[in-house]
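Q: I have a structure I would like to understand better, so I am pasting it below and will then ask my questions one at a time.
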Amino acid sequence: MLCVPKIQSIMATPSAPHLLLLLLLSLISLSSLPSTLSAGGSIAINYGRVANDLPSPPQVVQLLKAQGLTKVKLYDTDSNVLSALSGSGISVTVALPNEQLSSAAAGQSYTDSWVQSNILAYYPKTLIEAIAVGNEVFVDPKNTTPFLVPAMKNVYSSLVKYNVSAIKISSPIALSALQTSYPSSSGSFKSGLIEPVIKPMLNFLKQTGSYVMVNAYPFFAYTANTDTISLDYALFRNNKGVTDPNNGLVYKSLFDAQLDAVFAAMNAVGFKDVKVVVSETGWPSKGDENEVGASQQNAASYNGNLVRRVLAGGGTPLRPDEPLNVYLFALFNENQKTGPTSERNYGLFYPSEQKVYDVPLTLEALARAPTASPSNTSRVATKPPSTSSGGDFSPSSAGQTWCVASGDAGEEKLKDALDYACGEGAADCRPIQRGATCYNPNTLVAHASYAFNSYYQKNARRSGSCYFGGAAYVVSQSPEYGSCNYPTGY
């Protein structure tokens with residue numbers, strides 16, 4: 001994790017053509033994704049252990065299961081943790097620390113031994129799916145950058161040697177690897193990194209079918225630029241957005257803008273087809289006086305809205321057809337981390353296993369939770385903003401979900417999305433015509449909700465079919481009212 005100065009970004013209401021493109025692309029097959037990535041977007045967690053008061057690894061495994069988390073990322077290959085994960089069904093990304101990079105780069109004999117001791121000793125009972133070789137190496141004060149790609153290649157050669165090359169190799173990079181991040185379309189890597197390490201690393205990832213790991217923290221950009229970046233923009237809440245002057249794309253979240261800056265930087269060096277996993281992102285629940293925005297409420301908003309955004313499907317404006325795969329930082333508050341107060345307060349849980357704040361982490365948990373608009377925090381009223389009056393929201397059938405319009409999306413965005421849903425989207429909009437059963441209440445949000453849900457159900461409730469450029473979200477209570485019944489399938 002690195003504090004990144006002066007990173008601005010983008011995202012607001014897409015134009016009708018951009019919205020149409022986003023919706024069409026969301027239906028394209030994502031079979032080219034690496035097998036370890038979810039085609040519908042996934043939420044996972046970082047399990048850091050720089051603390052002296054954490055639960056035992058077996059207790060942590062039970063906590064992960066209770067939260068429905070099926071992927072976890074470590075910062076080492078601790079034997080107690082890997083043993084506890086054995087047979088759990090939880091996939092794990094392990095790490096070869098920065099201090100071992102020089103040895104790993106020196107020769108394959110070292111990585112052969114490392115793989116035998118730290119991978120083969122646990123795999124496949126422990127589902128090791130990836131190895132993070134180093135972490136934010138480009139900002140390591142010990143200057144381990146020259147060792148990175150040789151170390152990655154040697155680890156991979158060792159995996160091949162022992163017939164476990166299905167395990168992916170990558171290395172998390174910080175946003176400080178970028179020379180330019182605003183506007184997103186101008187994203188570029190630092191010139192001194194491109195030839196020595198960026199291109200060789202991206203080429204290796206492409207050849208091995210792996211992905212780039214990116215640590216993205218809108219919190220750092222916000223707290224360093226409160227004069228130019230709004231809190232709503234940083235927290236995925238309703239905001240006017242920022243338009244990229246180079247391509248007209250409009251951004252409503254700093255997170256998306258940061259990722260697109262990385263995509264643009266990759267495009268600029270000729271690697272448009274390498275995937276990205278967000279290996280760290282989070283928001284602190286407490287901070288020092290000068291850490292503006294660090295609070296429990298903001299942390300709940302950021303992580304809660306991020307989870308909804310990821311699980312709803314869809315990608316960023318530059319790569320709308322690539323669902324997001326995100327590792328939240330972090331599972332626990334870690335009391336022995338150095339630095340500002342925020343560093344010890346990124347956890348979703350206290351060491352007691354009590355929640356710091358309540359954020360559903362799976363679609364199932366979201367379905368059980370009170371309905372929440374993407375513009376609000378993780379726990380809000382159960383009344384969705386899709387009706388202005390008189391709605392009697394009946395409980396859902398087990399596992400059933402509906403798609404409704406966000407009252408915070410804005411009139412223009414909702415009109416464009418409604419036009420698409422009732423037109424090329426082929427939603428059944430007859431019930432919302434004048435005189436029909438669902439015409440009243442005669443509001444844009446109510447009509448859009450019906451149309452969005454029709455589209456969502458016709459597309460088998462697949463990921464991305466309830467997004468509409470951020471104008472819609474999934475609920476677990478039927479939004480039916482009066483004689484108007486929302487369909488649950490076609």
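Letters A, B, ... mark the chains of the structure tokens in the order given; residue numbers begin at 1 per chain; ligand numbers begin at 1, in order shown.
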Residues of segment 239-448 of chain A in helix (DSSP H, G or I) according to DSSP, as a PyMOL selection string?

A: chain A and resi 254-268+296-311+341-344+363-368+411-422+430-432+444-448

Q: Do you know which residues are at most 8 Å from segment 263-265 of chain A counting only C-alpha atoms, after dropping those on the same chain fewer than 4 positions away, and could you put them as a VMD selection string?

A: chain A and resid 178 184 to 189 259 269 272 318

Q: Can you tell me which residues surround Asn290 of chain A at a distance of at most 10 Å, considering only C-alpha atoms, apart from same-chain residues fewer than 4 positions away, and format the answer as a PyMOL selection string?

A: chain A and resi 223-224+294+340

Q: Using only C-alpha atoms, determine which residues lie at most 7 Å from Gly314 of chain A, disregarding the query and same-chain residues fewer than 6 positions distant; provide the list as a list in words.

A: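 Here the answer would be Ser26, Pro320, Asp321, Glu322, Pro323 and Gly464 of chain A.
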
Q: Taking only C-alpha atoms into account, which of A:Leu96, A:Leu361, A:Leu120, A:Ala448 comes nearest Thr70 of chain A?

A: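 Looking at the shortest contact to Thr70 of chain A, the residue is A:Leu361.
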
Q: Neighbouring residues of Tyr47 of chain A were defined as those with any atom within 9 Å, considering only C-alpha atoms; residues of the same chain fewer than 4 positions away were excluded. Please report them as a list in words.

A: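 The neighbour list is Val72, Lys73, Leu74, Tyr75, Phe329, Ala330, Leu331 and Phe332 of chain A.
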
Q: If we count only C-alpha atoms, what is near segment 122-126 of chain A at a cut-off of 6 Å, once residues fewer than 5 positions away on the same chain are taken out, given as a count of residues only?

A: 3

Q: Could you please determine the separation between atom CA of Ser253 of chain A and atom CA of Asp408 of chain A in Å, to one decimal place?

A: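 Straight-line distance from atom CA of Ser253 of chain A to atom CA of Asp408 of chain A works out to 14.2 Å.
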
Q: Between atom CA of Gln258 of chain A and atom CA of Ala174 of chain A, what is the distance, to one decimal in Å?

A: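 The value is 10.9 Å.
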
Q: Calculate how many Å separate atom CA of Asn485 of chain A from atom CA of Leu311 of chain A, rounding to one decimal.

A: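 One can read the atom CA of Asn485 of chain A to atom CA of Leu311 of chain A distance as 25.5 Å.
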
Q: Kindly indicate which residue among A:Thr180, A:Asn303, A:Asn225, A:Asn98 lies nearest to Val139 of chain A, using only C-alpha atoms for the distances.

A: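 Between A:Thr180, A:Asn303, A:Asn225, A:Asn98, the residue approaching Val139 of chain A most closely is A:Asn98.
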
Q: Neighbouring residues of Tyr110 of chain A were defined as those with any atom within 12 Å, considering only C-alpha atoms; residues of the same chain fewer than 4 positions away were excluded. Please report them as a ChimeraX atom specification.

A: /A:96,100-106,114-118,151,154-155,157-158

Q: Which is closest to Pro431 of chain A among A:Phe271, A:Tyr450, A:Phe468, A:Phe219, if we use only C-alpha atoms?

A: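 With only C-alpha atoms as the atom set, the closest residue is A:Tyr450.
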